[in-house]
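All remarks here apply to the structure that follows.
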Amino acid sequence: MIGGDGSSMVDGDTLLTRAATVVDIPRSLTGDGVRQLLDVIGDWVPGLQQVEVPTGTEVLDWTVPEEWNLRRATLTGPDGTVVADSARSPLEVVGYSVPVDTRLGLADLEDGHLHSLPDQPDLVPWRTSYYRRTWGFCIPDRVRRDLPEGDYHARVDATLEPGHLTWGELVVPGETTEEVLVTAHLCHPAMANDNASGLVVAAAVAEALAARPTRRRTHRFLFAPGTIGAVAWLATRPDVVSRVVGGVVISGVGDPGTSLTYKRSRRGSAPMDTAMRLALRDAEVEHTLVDYAPWGYDERQFNSLGYDLGVGLLNRTPHGTYPEYHTSADDLSFLRAAHLEESASLVLAGLDALEAHRPVRNLKPHGEPQLGPRGLWPSIGGATGRRAQMALLWVLAEADGERTVLDVADRAGLPVAEVMAAATQLAGTDLLEFGG
Amino acid sequence: MIGGDGSSMVDGDTLLTRAATVVDIPRSLTGDGVRQLLDVIGDWVPGLQQVEVPTGTEVLDWTVPEEWNLRRATLTGPDGTVVADSARSPLEVVGYSVPVDTRLGLADLEDGHLHSLPDQPDLVPWRTSYYRRTWGFCIPDRVRRDLPEGDYHARVDATLEPGHLTWGELVVPGETTEEVLVTAHLCHPAMANDNASGLVVAAAVAEALAARPTRRRTHRFLFAPGTIGAVAWLATRPDVVSRVVGGVVISGVGDPGTSLTYKRSRRGSAPMDTAMRLALRDAEVEHTLVDYAPWGYDERQFNSLGYDLGVGLLNRTPHGTYPEYHTSADDLSFLRAAHLEESASLVLAGLDALEAHRPVRNLKPHGEPQLGPRGLWPSIGGATGRRAQMALLWVLAEADGERTVLDVADRAGLPVAEVMAAATQLAGTDLLEFGG
Amino acid sequence: MIGGDGSSMVDGDTLLTRAATVVDIPRSLTGDGVRQLLDVIGDWVPGLQQVEVPTGTEVLDWTVPEEWNLRRATLTGPDGTVVADSARSPLEVVGYSVPVDTRLGLADLEDGHLHSLPDQPDLVPWRTSYYRRTWGFCIPDRVRRDLPEGDYHARVDATLEPGHLTWGELVVPGETTEEVLVTAHLCHPAMANDNASGLVVAAAVAEALAARPTRRRTHRFLFAPGTIGAVAWLATRPDVVSRVVGGVVISGVGDPGTSLTYKRSRRGSAPMDTAMRLALRDAEVEHTLVDYAPWGYDERQFNSLGYDLGVGLLNRTPHGTYPEYHTSADDLSFLRAAHLEESASLVLAGLDALEAHRPVRNLKPHGEPQLGPRGLWPSIGGATGRRAQMALLWVLAEADGERTVLDVADRAGLPVAEVMAAATQLAGTDLLEFGG
């Protein structure tokens, strides 16, 4: 697999294999599972740093919670049947369940400690209770319906104690201190599309970028627990935040949906929005652009009014609209290698397009300059111009010192890469300079 | 019939009965008929004040005309046939006809003193001559064609003398001095849709608003003669004008047309325009939005460049586009009780939506705040959010201190009432404040 | 043929005859052919001045080239066959070929000295080499394929020496010093649509304008060689450039395409763009509006960033999209008299509409003024208003001192001429004043 600029990128089969490696690591917002997962990602992208913030730290409107480490959670029925067991799947216990070891009747169990999906009776739902101290089990509704009366043994062997919130952070430095954020959340255990897919795609993009000789902007990759991770990162990185020009959240990019979906940032026409729109256009892949809404993934935090960082979301089938979402059916069989690969390729193309978000200024703006003597134009006139020449003319026609190469590509309807090539060619003469 | 907020409102049958009560009160721009009509409206909405401005008062570019009081106008043919008689219908005399008692031949009568509709030969048209002193009669064209030669007796027993211009004004006070205008013209005699319908609907809305415990803005209802009434009101109320945030003219709201038509103010996206657009959207009634044009009703005066008050027009079938318009066919049989009721309900909904035109400011704009601990969020995560939660998130996402609750409802595609409820809920915490 | 304001204009047959007169005058960027052509145009539009700039003058990024005068160019085959001959058609020699008198083999001839169109084997292409010193011949591809081996005699009997660049310039003065540019290029020999059509249409428009008693703006007509002519004009007329409010390039307006195509200026909504759009709308002719792109004709120079003059292009079938373009098939048989006439009429209509680009200010902006006493309104009310009255109301409703009559016509959806008539009528009272 080859990136848009010829840089090599991990192929789809490898991405699928990597997803298989991480999907079953039990994890939640915090805990050893998170660190174990980040160790694996660190093997793929050397240089990944694990950042830790202690329990109790105030971050924006939130407080870093206690660290949750689960050893085993089981729910055993009156006849000794194991109704739920975290060893079978981490989904079978409510995330962040408090430790418990108790016997109770079915009625008490049903009083808020069981979760199932009546409309999808064979699936186990994913449920958490991060901020209200309780415990519970998730089971197929078909099982729940047949639970007998009697004595149940609920056991959550876990610790919920002061510790740390942990995330992974990788900086791929560029020529400037302007930063681009690429993030994927890591806190959903046992679910392949949401979000092992985001982890492997983000890592592949990081790898490809790091392998390049030059990048203008610094790219920062975050692998963090949802919400609290983004919140803690924002709270602790005010210096970085002020340098962010845009970014993209990657989530749910491996499902069978053939269309990529880019959700615009809150601003709607932030540089990343234009970049991703043109990258998808230029790649001629099936795609949909949707407006911002304040739910979804960590774009909610990055686009909150006080930050407004212009961060979009790339996914395939939008979250919450496919039946496998947040259930045990979001397993490896739900992923497509080719879709992972295409997603990674498009994220990279979007970041490349974002690099073209640089203002250009025509230094000879009065009339068209002579291109022929500068080696930029064929000498025999009369024939219809070719596309590369059109790109040169468009750049000169629009380079007012404020518009960017990306803007020119948008108005001209020409591929970003071609317009960037033309701008670069012109910047090698006395006709154009890059700003910004 | 129940208003959007649960307040009771007069039902359609009552509105139709009321229309029947007022449609035949003979009246014009001025005179006893106007006062008689306002007395009736005052019975419906206690507190209605009759305001009078003397003849000769200069109001903007106009001068208050002499008061016209008609006792009887008849046109009698050579054989004694009564060709026209104001006692049969006030339409049969040209409004503001000067007193006359003369005998004349058919040719002289035809020289500007007869009006009919060749294309609608059975109908009597409505004609006036407010600002050129003349007299005339309106008759069916079928009658006109067969008028015999001979001696006619034209008699207009009327006074046209210094007096007053009269309008009705009702103030429904709110918490603030900002004002919303609701107006209907009253000067068209014997016509049910244009404009008994506007009078009864405006009065019903006034009644419903007055019955409420609280209103943020003050609402001012005007029942005034067309053009000169609005002009005189604007000229004599500079203090009120400066406090107007918008308004709506109500006219032609009872006809059989199933679609409500809202005509935008000149600005096109004034608060009232957004409010009415969303109210119609939320009510899921058949409707059409049309752009401003400088003809129609008194929105012409309120939207004139020097005022530009952002006042729209609500009607059903637009004026001038239905054959009954300004003829004797616009009688009670042309009204529909259900349409009067729906119209009143939608005006009220539009005014309610306008109350949501209040800026909101997120007081914790960095990241999303925790909603759970503030009692605004379910504690078990993982399930897809519900609409009420979406409204909370949208308000927080957009409340930059300039955007209003109405703007949020527009962008979010959520009902204004739900978004207002969410904003109110948030304003009860440390997360949001209302501005403006 | 009658212009929009009743001024007479040259008819289509005359335009076709004139095109026949000029199409075969051999010419290029410079030289006696240009002067000869301008002499003919000067016969049509008295007052046309020939402006000359000497070889070597630096104009913007360019330098005025040497003057090229061709006496005869022939290419003779081994058997004495005349393969190409400028006397047969000026297309058969590459424009600006350097003098040569040499014998060479077929291989050397094929090494850059022959031009043909493989896909259109019977046509002679048009080729030039203005800025690289070379020579060449243009022949049908069918001929080229059968050229025998042997000794060829290439002879270009031309001078390429210091001289002048020449253009024609005609000023039709108006009441103000604001200027409108109308231009057509003249440097394409032997091609009827591109661009004898532009020359005869521009001249006809100049003639019609000059015949009028009054014009508000000064109109300047340029008949100039492409690119270098516009560049030299811009470089030498800084005072005029600063007074230009817009303009139009006329090119390719006589072909069989039934739809006129207006290409917007770079700004996209410059006054000329609105004027031409409304003129085409009001004329109810088949037309297409296309966005600016930085190729085409001299609109490239006038719209370059440093000038940005808001100059559009009127043509029929866009250049480069019809097979006859820049070939020997673009001959007189390709022109339609009716199309030339309609094109001239629409250019004139566009210039008339541009005259309506004048701000208007309502001097009685509070409420609607009384129109009746000022003789602008019928005295009997009740009937639906007529279109002339609507124009009066629209002007008053929009005349905020910044919007122009053209803007009002656009918003109102009324013909520019009617709205201009209404504004003129209002400006004759105390209600309105023209600005700008």
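So you can find residues: chains in the structure tokens are A, B, ... in the order shown, residues in each start at 1, and ligands are numbered from 1 in order.
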
Could you list, with a cut-off of 6 Å and counting only C-alpha atoms, the residues of chain B near chain C, each shown with its nearest atom pair and the distance in Å rounded to one decimal, rows sorted by chain and ascending number, as a Markdown table?
| residue | atom | partner | partner_atom | distance |
| --- | --- | --- | --- | --- |
| B:Asp61 | CA | C:Pro369 | CA | 5.3 |
| B:Arg127 | CA | C:Gly382 | CA | 5.0 |
| B:Thr128 | CA | C:Gly381 | CA | 5.2 |
| B:Ser129 | CA | C:Ile380 | CA | 5.1 |
| B:Pro294 | CA | C:Leu393 | CA | 5.9 |
| B:Gln301 | CA | C:Gly367 | CA | 4.5 |
| B:Ser304 | CA | C:Gly367 | CA | 5.2 |
| B:Leu305 | CA | C:Pro365 | CA | 5.1 |
| B:Gly306 | CA | C:His366 | CA | 4.4 |

Can you spit out the residues from that selection as a compact mmCIF listing (two decimals), in the first residue's frame, using all heavy atoms?
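New file out_15.txt:
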# COMPACT_ATOMS: atom_id res chain seq x y z
N ASP B 61 -45.14 61.25 5.92
CA ASP B 61 -45.40 61.97 4.66
C ASP B 61 -46.90 62.21 4.45
O ASP B 61 -47.31 62.69 3.39
CB ASP B 61 -44.83 61.13 3.50
CG ASP B 61 -44.83 61.90 2.19
OD1 ASP B 61 -44.23 63.00 2.16
OD2 ASP B 61 -45.43 61.41 1.20
N ARG B 127 -64.03 49.41 -3.83
CA ARG B 127 -63.23 50.53 -4.31
C ARG B 127 -63.29 51.67 -3.32
O ARG B 127 -64.30 51.86 -2.63
CB ARG B 127 -63.75 51.04 -5.68
CG ARG B 127 -63.56 50.06 -6.82
CD ARG B 127 -62.09 49.88 -7.19
NE ARG B 127 -61.93 48.94 -8.29
CZ ARG B 127 -61.70 47.63 -8.11
NH1 ARG B 127 -61.62 47.11 -6.89
NH2 ARG B 127 -61.54 46.84 -9.16
N THR B 128 -62.20 52.41 -3.27
CA THR B 128 -62.13 53.58 -2.37
C THR B 128 -61.49 54.74 -3.11
O THR B 128 -60.80 54.54 -4.13
CB THR B 128 -61.27 53.27 -1.13
OG1 THR B 128 -59.93 53.03 -1.59
CG2 THR B 128 -61.78 52.07 -0.37
N SER B 129 -61.71 55.92 -2.61
CA SER B 129 -60.99 57.08 -3.12
C SER B 129 -60.68 57.99 -1.94
O SER B 129 -61.31 59.01 -1.73
CB SER B 129 -61.82 57.81 -4.18
OG SER B 129 -61.02 58.86 -4.74
N PRO B 294 -42.57 44.80 -1.60
CA PRO B 294 -43.12 45.99 -0.98
C PRO B 294 -44.57 46.26 -1.36
O PRO B 294 -44.92 47.39 -1.70
CB PRO B 294 -42.19 47.11 -1.46
CG PRO B 294 -41.72 46.63 -2.78
CD PRO B 294 -41.68 45.13 -2.71
N GLN B 301 -45.24 49.44 5.78
CA GLN B 301 -44.86 50.60 6.60
C GLN B 301 -43.81 50.19 7.64
O GLN B 301 -42.81 50.88 7.82
CB GLN B 301 -46.10 51.17 7.31
CG GLN B 301 -47.28 51.44 6.37
CD GLN B 301 -46.92 52.28 5.15
OE1 GLN B 301 -46.10 53.20 5.23
NE2 GLN B 301 -47.50 51.93 4.01
N SER B 304 -40.43 49.71 6.12
CA SER B 304 -39.84 50.79 5.31
C SER B 304 -38.45 51.09 5.85
O SER B 304 -38.16 50.87 7.02
CB SER B 304 -40.74 52.02 5.34
OG SER B 304 -40.84 52.52 6.67
N LEU B 305 -37.58 51.55 4.94
CA LEU B 305 -36.16 51.66 5.26
C LEU B 305 -35.87 52.40 6.55
O LEU B 305 -34.95 52.04 7.30
CB LEU B 305 -35.45 52.39 4.11
CG LEU B 305 -35.04 51.51 2.93
CD1 LEU B 305 -34.58 52.38 1.79
CD2 LEU B 305 -33.94 50.56 3.36
N GLY B 306 -36.64 53.45 6.83
CA GLY B 306 -36.36 54.25 8.01
C GLY B 306 -36.69 53.52 9.31
O GLY B 306 -36.22 53.91 10.37

Write out as a PyMOL selection string all residues of stretch 82-280 of chain A that backbone DSSP assigns to alpha helix (DSSP H). chain A and resi 106-110+141-145+197-210+228-236+238-241+271-280

Write out as a ChimeraX atom specification each polymer residue whose atoms come within 10 Å of stretch 229-242 of chain C, counting only C-alpha atoms; drop sequence neighbours fewer than 6 positions from it. /A:366-369 /C:29-30,51-53,57-64,165-169,177-181,183-187,220,222-223,297-302,307,309

Excluding A:Arg358 and residues on its chain fewer than 2 positions from it, collect all residues at most 7 Å away from it, counting only C-alpha atoms, and give them as a list in words. Ala356, Val360, Thr404, Val405, Phe434, Gly435 and Gly436 of chain A

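In terms of minimum interatomic distance to C:Thr258, C:Glu342 ranks closest within C:Glu342, C:Asp141, C:Thr274, C:Leu70, counting only C-alpha atoms.
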